[in-house]
Amino acid sequence: MKEFLEGSHAIAEVIRSCKPGVISAYPITPQTHIVEDLAQMVSDGSLKSQFVNVESEHSAASVVLGGSATGVRVYTATSSQGLFYMQEVIFNIAGMRLPVVMTCANRAISAPINIWNDQQDSISLRDAGWFQIYAENNQEAVDFHLIGYRLAEDKRVMLPVMVCMDGFILTHGMEAVDMPEQEKVNKFLPDYDPLYKLDPVKPISMGLLADPDYYMETRFAIQETMKESIGYLADISQEFNSAFGRDYKDLLVEEYQLKDAEKVIVAMGSVCGTIKEAVDELRSKGKKVGLLRIITYRPFPYARVCEALKNVTKVAVLDKAVSLGAYAPIAVEVKAAFYGKKKGPKMVSSFVAGLGGRDITLETIHEIFRRLSTKEVNSDFVDLKPELLKEEYGE
Amino acid sequence: MKEIRIHARAGQGAITTAALLGFGYFNEGKYPYAFPNFGAARMGAPMNAFVRVDKNPVRLRSQIYEPDYVIIADPTLLRGYNCFSGLKEDGVAIINGKDDLELPKLKAKQRVFVVPANEIAMKNIGRPLGNTALIGAFAAATGELKLDNLIEVVKKRFAGKAQTGNIQAVKEGFEFVKAKLKG
C-alpha cells in the first residue's frame, strides 16, 4: 500500500519487517531518525529485537559484528564521521564474511564540519569489501534493504551490504512509498540460516590471525565473490520484481534516454532524479542527451557501463565526492572501464558538484552539459563561488 | 507542478507544515515531495521547508527558487531576508503576522494574505504555533486543497486536546482568508 512517509521512517518500517535480532547504532545527523524510530518500535514491542545502546559508532559496529557472528540478522545505520569511526570494524565485518546490512545516510566529511549531503563518506570506504548500493528515491531505499539482506545472506555471497541514501534529500524527504507487505517480505526473505556461528555447544573461532601463508587467499575469495555477485544481483532483483511488482533491471545501472544519445551524464543517487528532469527538458528541444545511473558502486559494473556507453560520443561523470589530488572516484572507474577497449566515448570528462550540501539544480546539470561541449576536463568543480576563492591573508 | 516554499525559524514547525500540506496533496491523489533545508543546526535559526507536488512522482531534488506559493511562519524573517525571492508573477504569499505589517512592493498579480496565525493558535492551542492556521489560510487563498481534507490530515497528525485545537485553528485560518476574499 502506498503511504506518504519520511524516508527515515520508511527505512525503520522496512527494517522492522526484516526482523533483525540485534540492532545497534549511535545517533548522528542525518541518520538519527531511522534509529530513533527503531528504538521506539523495540520499546513499544512492535519489533522483537535487542536494541543495544552504545557509546560510539565503533561499538555499534562491533555489536552488530558480534551479533551477526552468533548467527542472527543484524542492522545498523550511520553517516559521515560515524561511518569513519566504524571503519576498522567495517573491514573486519567483510573479512569475517558477516552478512550485516547497514544504511549510510550520506553526509559530507569534516573539516570544516558540515552536516549536509554529499557522498564522500561511503565512497571513502569503497575498498572495505561491502556492497554499496545507492538509492535514487525512497522507494528504492526501502526496497534495497530487502534485496540487501537477501544478497548478504545468500550462501554464495556472505558479505555485508551498505544501502546508501542521500542525507536530508531522502532521509528527511517525505514522499509516497509503496511499503512491502509483511507476508511477502517473509516469503522473499526467510529467516537467516548461517553457515557458521558462534555457539557454546559447538565452539568455533572466527576472525583469527592469518599469517602470510593464509591471508592473501581470504582477500582473493572476497574479490571473486564480488565479481560473481554481479550476476546474483540481477537474479535477486528479478525475483524481487515478481514478488513486489517493481521493475528493477539488474540493480547495477539504469539507462535513461541512452538510445541515440550523444552526450551522457553518469551519476549516482538522488541527483539522478534532477538529471532525468534536465534530460527530458533538453530532449524536448531535440538535444540527444541521456543519463547512466550507477546503482551498485561496489562491485563496480564495468561491463554494463561499457555496454551502455559504447556508442556515446561524450560522457560527463558527476561525482558528489572527491579524491583529493587525483581523479574523482566514479570518473576513475568509468575511464578505467574503457581503457584498451576499441569502442567507447571520445571524451570522458569529470565534474564535482554538490559537496557539503551545495544545491544541485537543473541549471547545474545544464552547465555540465554545456561544459561537456568543449575540451575534456578532470574534477572540474561546478557551482563554485568565485567571491569565496579570492586570496586573503592575515588582516 | 506546484512549488511551495516555507520560511520559518528552526523549532517553529515548518517541517510539520510541509508534512501536513504533503499529506493533504497525497490524500487528493497527487505526488508530493516535502523536504527541509536546515541552516545552522540550532533552534531559532532561519530555515526553509518545501513542498513540490505533481501528478507524477517528483524526481527533481533541488531546493525551490521560483515558488508558486510562499508561507512565512515568522514575520521577523522579512527583515534581512527576501522571502519573496523568485515568487511567480501570479504567486501567493501567506504571512503569519498582524495587519500593520510592512510589506515590500509586489508585482501586480501577486497576492499577499497576512493572517493572525499566532493569535489563532494562542486562542485554540495555547501556544504560538501558527502552522495549522496557516495551512487553513493557504487552502482558502490558493484553492489547492479542500478544508475537509486538511481537517482529516490534522486529525491523523494530532491527538486529544491538540487535535481539537488544531482543527479549530485550520478552520479559523481558512475562514479568515475567505472573509478577506469576500472583502
# chains A, B, ... in the order shown; residues from 1 in each chain; ligands from 1

$ closest_atom_pairs --of "chain A" --to "chain B" --cutoff "7 Å" --atoms "only C-alpha atoms" --output "tab-separated table"
residue	atom	partner	partner_atom	distance
A:Phe4	CA	B:Phe23	CA	6.6
A:Ile169	CA	B:Arg61	CA	6.9
A:His172	CA	B:Phe35	CA	6.1
A:Gly173	CA	B:Phe35	CA	4.4
A:Met174	CA	B:Ala34	CA	5.0
A:Glu175	CA	B:Tyr33	CA	4.9
A:Ala176	CA	B:Tyr31	CA	6.7
A:Ser270	CA	B:Arg61	CA	7.0
A:Val271	CA	B:Arg61	CA	6.6
A:Gly273	CA	B:Arg59	CA	4.3
A:Thr274	CA	B:Leu60	CA	4.3
A:Glu277	CA	B:Leu60	CA	6.5
A:Asp359	CA	B:Ser62	CA	6.1
A:Ile360	CA	B:Ser62	CA	5.8
A:Thr361	CA	B:Ser62	CA	5.1

$ write_last_selection --atoms "C-alpha atoms" --output "PDB file, in the first residue's frame"
ATOM      1  CA  PHE A   4       3.247   9.199   2.472  1.00  0.00           C
ATOM      2  CA  ILE A 169      17.253  14.849   0.478  1.00  0.00           C
ATOM      3  CA  HIS A 172      14.261  13.817   5.666  1.00  0.00           C
ATOM      4  CA  GLY A 173      12.229  13.942   2.457  1.00  0.00           C
ATOM      5  CA  MET A 174       8.616  12.783   2.603  1.00  0.00           C
ATOM      6  CA  GLU A 175       7.141  11.103  -0.432  1.00  0.00           C
ATOM      7  CA  ALA A 176       4.848   8.276  -1.444  1.00  0.00           C
ATOM      8  CA  SER A 270      19.110  11.140  -5.721  1.00  0.00           C
ATOM      9  CA  VAL A 271      20.718  13.680  -8.070  1.00  0.00           C
ATOM     10  CA  GLY A 273      16.132  12.437 -10.495  1.00  0.00           C
ATOM     11  CA  THR A 274      17.177  16.012 -11.178  1.00  0.00           C
ATOM     12  CA  GLU A 277      14.280  16.234 -15.492  1.00  0.00           C
ATOM     13  CA  ASP A 359      22.345  22.511  -4.002  1.00  0.00           C
ATOM     14  CA  ILE A 360      22.408  20.780  -7.391  1.00  0.00           C
ATOM     15  CA  THR A 361      19.789  22.491  -9.536  1.00  0.00           C
TER      16      THR A 361
END

$ residues_around --residues "Asp74 of chain B" --least-positions-apart "5" --cutoff "12 Å" --atoms "only C-alpha atoms" --output "compact mmCIF listing (two decimals) with N, CA and C atoms, in the first residue's frame"
# COMPACT_ATOMS: atom_id res chain seq x y z
N ILE B 6 8.38 27.40 2.39
CA ILE B 6 8.01 27.86 3.73
C ILE B 6 9.23 28.48 4.39
N HIS B 7 9.06 29.69 4.92
CA HIS B 7 10.14 30.35 5.66
C HIS B 7 9.79 30.33 7.13
N ALA B 8 10.75 29.88 7.95
CA ALA B 8 10.49 29.83 9.39
C ALA B 8 11.81 29.83 10.13
N ARG B 9 11.71 29.75 11.44
CA ARG B 9 12.90 29.54 12.27
C ARG B 9 12.83 28.11 12.80
N ALA B 10 14.00 27.50 12.96
CA ALA B 10 14.04 26.11 13.45
C ALA B 10 13.30 26.04 14.78
N GLY B 11 12.36 25.12 14.87
CA GLY B 11 11.57 24.98 16.09
C GLY B 11 10.15 25.51 15.95
N GLN B 12 9.89 26.22 14.85
CA GLN B 12 8.55 26.80 14.67
C GLN B 12 7.60 25.86 13.92
N GLY B 13 8.07 24.71 13.56
CA GLY B 13 7.16 23.71 12.97
C GLY B 13 7.01 23.78 11.47
N ALA B 14 8.02 24.30 10.77
CA ALA B 14 7.92 24.40 9.31
C ALA B 14 7.87 23.01 8.67
N GLY B 44 15.81 28.46 16.38
CA GLY B 44 15.74 29.89 16.10
C GLY B 44 16.45 30.31 14.83
N ALA B 45 17.29 29.43 14.28
CA ALA B 45 18.00 29.78 13.05
C ALA B 45 17.00 29.76 11.88
N PRO B 46 17.13 30.70 10.97
CA PRO B 46 16.23 30.70 9.81
C PRO B 46 16.39 29.40 9.02
N MET B 47 15.30 28.84 8.59
CA MET B 47 15.35 27.61 7.79
C MET B 47 14.17 27.61 6.83
N ASN B 48 14.25 26.70 5.86
CA ASN B 48 13.15 26.55 4.90
C ASN B 48 12.64 25.12 4.93
N ARG B 79 12.70 40.93 7.69
CA ARG B 79 13.86 41.82 7.85
C ARG B 79 15.10 41.02 7.52
N TYR B 81 15.83 39.11 5.02
CA TYR B 81 15.69 38.05 4.02
C TYR B 81 14.69 38.50 2.97
N CYS B 83 12.06 37.03 1.42
CA CYS B 83 11.24 35.82 1.43
C CYS B 83 10.43 35.69 0.14
N ILE B 94 1.42 33.75 2.00
CA ILE B 94 0.66 33.73 3.25
C ILE B 94 1.64 34.09 4.35
N ILE B 95 1.34 35.13 5.10
CA ILE B 95 2.27 35.57 6.14
C ILE B 95 1.59 35.52 7.50
N ASN B 96 2.29 34.92 8.44
CA ASN B 96 1.83 34.94 9.83
C ASN B 96 2.19 36.31 10.40
N GLY B 97 1.19 37.16 10.65
CA GLY B 97 1.51 38.50 11.17
C GLY B 97 0.26 39.32 11.43
N LYS B 98 0.53 40.56 11.79
CA LYS B 98 -0.59 41.46 12.09
C LYS B 98 -0.80 42.43 10.92
N LEU B 101 1.71 45.02 9.34
CA LEU B 101 2.99 44.52 8.83
C LEU B 101 3.41 45.30 7.58
N VAL B 114 -2.06 38.45 4.98
CA VAL B 114 -1.46 38.49 6.31
C VAL B 114 -2.49 37.92 7.28
N VAL B 115 -2.11 36.83 7.91
CA VAL B 115 -3.05 36.07 8.74
C VAL B 115 -2.56 36.09 10.19
N PRO B 116 -3.43 36.45 11.14
CA PRO B 116 -3.00 36.46 12.56
C PRO B 116 -2.92 35.04 13.11
N ALA B 117 -2.04 34.22 12.53
CA ALA B 117 -1.99 32.79 12.85
C ALA B 117 -1.57 32.55 14.30
N ASN B 118 -0.66 33.38 14.81
CA ASN B 118 -0.25 33.20 16.21
C ASN B 118 -1.41 33.45 17.17
N PRO B 128 2.09 29.67 20.65
CA PRO B 128 2.14 30.47 19.41
C PRO B 128 2.67 29.66 18.21
N LEU B 129 2.02 28.56 17.91
CA LEU B 129 2.44 27.74 16.76
C LEU B 129 1.36 27.84 15.68
N GLY B 130 1.59 28.75 14.74
CA GLY B 130 0.55 29.12 13.78
C GLY B 130 0.40 28.20 12.58
N ASN B 131 1.12 27.08 12.56
CA ASN B 131 1.18 26.26 11.34
C ASN B 131 -0.18 25.83 10.81
N LEU B 134 -2.11 28.55 9.35
CA LEU B 134 -1.52 28.94 8.06
C LEU B 134 -1.91 27.98 6.93

$ residues_around --residues "Gln120 of chain A" --least-positions-apart "5" --cutoff "9 Å" --atoms "only C-alpha atoms" --output "list of chain:residue names"
A:Ser80, A:Asn106, A:Arg107, A:Ala108, A:Ile109, A:Leu125, A:Lys320, A:Ala321, A:Val322, A:Ser323, A:Leu355

$ write_last_selection --atoms "C-alpha atoms" --output "short mmCIF file (atom, residue, chain, number, x, y, z; two decimals), in the first residue's frame"
data_model
loop_
_atom_site.label_atom_id
_atom_site.label_comp_id
_atom_site.auth_asym_id
_atom_site.auth_seq_id
_atom_site.Cartn_x
_atom_site.Cartn_y
_atom_site.Cartn_z
CA SER A 80 29.82 10.68 7.84
CA ASN A 106 25.18 10.09 3.04
CA ARG A 107 26.75 13.21 4.52
CA ALA A 108 29.88 15.31 3.98
CA ILE A 109 33.08 14.80 5.95
CA LEU A 125 35.04 3.13 2.28
CA LYS A 320 29.45 14.13 -5.28
CA ALA A 321 32.81 13.28 -3.72
CA VAL A 322 36.46 13.95 -4.43
CA SER A 323 39.66 12.00 -4.22
CA LEU A 355 29.76 18.89 -1.96
#

$ select_by_dssp --residues "segment 9-114 of chain B" --states "alpha helix (DSSP H)" --output "CSV table (one decimal) with C-alpha atoms, in the first residue's frame"
chain,number,residue,atom,x,y,z
B,14,ALA,CA,7.9,24.4,9.3
B,15,ILE,CA,8.6,20.7,8.7
B,16,THR,CA,5.2,19.9,10.2
B,17,THR,CA,3.6,22.5,8.0
B,18,ALA,CA,5.3,20.9,4.9
B,19,ALA,CA,4.3,17.5,6.1
B,20,LEU,CA,0.6,18.4,6.6
B,21,LEU,CA,0.4,20.0,3.2
B,22,GLY,CA,2.1,17.0,1.7
B,23,PHE,CA,-0.4,14.7,3.4
B,24,GLY,CA,-3.2,16.9,2.0
B,25,TYR,CA,-1.9,16.6,-1.5
B,26,PHE,CA,-1.3,12.8,-1.1
B,27,ASN,CA,-4.9,12.3,0.0

$ atom_distance --atom1 "atom CA of Phe131 of chain A" --atom2 "atom CA of Glu153 of chain A"
12.3 Å

$ residues_around --residues "Val253 of chain A" --least-positions-apart "5" --cutoff "12 Å" --atoms "only C-alpha atoms" --output "CSV table (one decimal) with N, CA and C atoms, in the first residue's frame"
chain,number,residue,atom,x,y,z
A,133,ILE,N,25.1,0.1,-2.5
A,133,ILE,CA,24.0,0.2,-3.5
A,133,ILE,C,23.4,1.6,-3.2
A,134,TYR,N,23.2,2.4,-4.2
A,134,TYR,CA,22.8,3.8,-4.0
A,134,TYR,C,21.3,4.0,-4.5
A,135,ALA,N,20.5,4.5,-3.6
A,135,ALA,CA,19.1,4.7,-4.0
A,135,ALA,C,18.9,6.1,-4.6
A,136,GLU,N,17.9,6.1,-5.6
A,136,GLU,CA,17.6,7.5,-6.2
A,136,GLU,C,16.4,8.1,-5.4
A,230,ILE,N,27.8,-9.9,-9.3
A,230,ILE,CA,27.1,-9.1,-10.3
A,230,ILE,C,25.9,-9.8,-10.9
A,233,LEU,N,23.1,-10.4,-8.2
A,233,LEU,CA,22.3,-9.1,-8.0
A,233,LEU,C,21.1,-9.1,-9.1
A,234,ALA,N,21.5,-9.5,-10.3
A,234,ALA,CA,20.5,-9.5,-11.3
A,234,ALA,C,19.4,-10.5,-11.0
A,248,TYR,N,13.0,-3.3,-11.4
A,248,TYR,CA,14.5,-3.1,-11.4
A,248,TYR,C,15.1,-4.1,-12.4
A,258,LEU,N,19.2,6.6,-23.3
A,258,LEU,CA,20.6,6.4,-23.9
A,258,LEU,C,20.6,6.1,-25.3
A,266,VAL,N,27.0,10.5,-16.2
A,266,VAL,CA,27.0,9.3,-15.4
A,266,VAL,C,26.9,9.8,-13.9
A,267,ALA,N,26.0,9.4,-13.1
A,267,ALA,CA,25.9,9.8,-11.7
A,267,ALA,C,25.3,8.8,-10.9
A,268,MET,N,25.1,9.1,-9.6
A,268,MET,CA,24.7,8.1,-8.6
A,268,MET,C,23.8,8.8,-7.5
A,269,GLY,N,22.8,8.1,-7.1
A,269,GLY,CA,21.9,8.6,-6.0
A,269,GLY,C,20.8,9.6,-6.5
A,272,CYS,N,20.2,11.9,-9.6
A,272,CYS,CA,19.8,11.3,-10.9
A,272,CYS,C,18.3,11.7,-11.2
A,291,LEU,N,21.2,9.8,-19.5
A,291,LEU,CA,21.8,9.6,-18.1
A,291,LEU,C,22.1,8.1,-18.0
A,292,LEU,N,23.3,7.8,-17.4
A,292,LEU,CA,23.6,6.4,-17.0
A,292,LEU,C,23.7,6.5,-15.5
A,293,ARG,N,22.8,5.9,-14.8
A,293,ARG,CA,22.8,5.9,-13.3
A,293,ARG,C,23.5,4.7,-12.8
A,294,ILE,N,24.6,4.9,-12.0
A,294,ILE,CA,25.2,3.8,-11.3
A,294,ILE,C,24.4,3.5,-10.1
A,295,ILE,N,23.9,2.3,-10.0
A,295,ILE,CA,23.1,1.9,-8.8
A,295,ILE,C,24.1,1.1,-7.8
A,296,THR,N,24.8,0.1,-8.3
A,296,THR,CA,25.7,-0.6,-7.5
A,296,THR,C,27.1,-0.1,-7.8
A,297,TYR,N,27.8,0.5,-6.8
A,297,TYR,CA,29.1,1.1,-7.0
A,297,TYR,C,30.2,0.1,-6.6
A,298,ARG,N,29.8,-0.8,-5.7
A,298,ARG,CA,30.7,-2.0,-5.3
A,298,ARG,C,29.9,-3.2,-5.2
A,299,PRO,N,30.1,-4.2,-6.0
A,299,PRO,CA,31.1,-4.3,-7.1
A,299,PRO,C,30.8,-3.3,-8.2
A,300,PHE,N,31.8,-2.8,-8.9
A,300,PHE,CA,31.5,-1.8,-9.9
A,300,PHE,C,31.2,-2.6,-11.2
A,301,PRO,N,30.1,-2.2,-11.9
A,301,PRO,CA,29.6,-2.9,-13.0
A,301,PRO,C,30.3,-2.5,-14.3
A,302,TYR,N,31.6,-2.8,-14.5
A,302,TYR,CA,32.4,-2.3,-15.6
A,302,TYR,C,31.7,-2.7,-17.0
A,303,ALA,N,31.3,-4.0,-17.1
A,303,ALA,CA,30.8,-4.5,-18.3
A,303,ALA,C,29.5,-3.8,-18.7
A,304,ARG,N,28.7,-3.6,-17.8
A,304,ARG,CA,27.4,-2.9,-18.1
A,304,ARG,C,27.6,-1.4,-18.5
A,305,VAL,N,28.6,-0.8,-17.8
A,305,VAL,CA,28.9,0.6,-18.2
A,305,VAL,C,29.5,0.7,-19.6
A,306,CYS,N,30.3,-0.2,-19.9
A,306,CYS,CA,30.9,-0.2,-21.3
A,306,CYS,C,29.8,-0.5,-22.3
A,307,GLU,N,29.0,-1.4,-22.1
A,307,GLU,CA,27.9,-1.8,-23.0
A,307,GLU,C,27.0,-0.5,-23.2
A,308,ALA,N,26.6,0.1,-22.1
A,308,ALA,CA,25.7,1.2,-22.1
A,308,ALA,C,26.2,2.4,-22.8
A,309,LEU,N,27.5,2.7,-22.7
A,309,LEU,CA,28.1,3.9,-23.2
A,309,LEU,C,29.0,3.7,-24.5

$ select_by_dssp --residues "segment 41-267 of chain A" --states "strand (DSSP E or B)" --output "number ranges by chain"
A: 50-53, 74-78, 101-106, 131-134, 161-166, 174-178, 253-256, 263-267

$ residues_around --residues "Val382 of chain A" --least-positions-apart "2" --cutoff "7 Å" --atoms "only C-alpha atoms" --output "JSON, numbers by chain"
{"A": [351, 352, 353, 380, 384]}

$ atom_distance --atom1 "atom CA of Phe113 of chain B" --atom2 "atom CA of Val70 of chain B"
10.5 Å

$ residues_around --residues "Gly143 of chain B" --least-positions-apart "6" --cutoff "12 Å" --atoms "only C-alpha atoms" --output "PyMOL selection string"
chain B and resi 25+69+92+135-137+174+177-178+181

$ residues_around --residues "Tyr75 of chain A" --least-positions-apart "3" --cutoff "7 Å" --atoms "only C-alpha atoms" --output "list of chain:residue names"
A:Pro20, A:Val22, A:Ile23, A:Ser24, A:Val64, A:Val100, A:Val101, A:Met102

$ write_last_selection --atoms "C-alpha atoms" --output "mmCIF file, in the first residue's frame"
data_model
loop_
_atom_site.group_PDB
_atom_site.id
_atom_site.type_symbol
_atom_site.label_atom_id
_atom_site.label_comp_id
_atom_site.auth_asym_id
_atom_site.auth_seq_id
_atom_site.Cartn_x
_atom_site.Cartn_y
_atom_site.Cartn_z
ATOM 1 C CA PRO A 20 16.701 -8.192 12.847
ATOM 2 C CA VAL A 22 20.110 -7.265 17.108
ATOM 3 C CA ILE A 23 20.164 -3.550 16.317
ATOM 4 C CA SER A 24 22.906 -1.257 17.471
ATOM 5 C CA VAL A 64 26.482 -5.927 15.087
ATOM 6 C CA VAL A 100 25.496 -7.204 8.099
ATOM 7 C CA VAL A 101 23.177 -4.678 6.460
ATOM 8 C CA MET A 102 23.735 -1.006 7.134
#

$ atom_distance --atom1 "atom CA of Ser8 of chain A" --atom2 "atom CA of Tyr26 of chain A"
14.9 Å

$ closest_residue --among "A:Arg358, A:Lys187, A:Arg246, A:Lys310" --to "Lys343 of chain A" --atoms "only C-alpha atoms"
A:Lys310
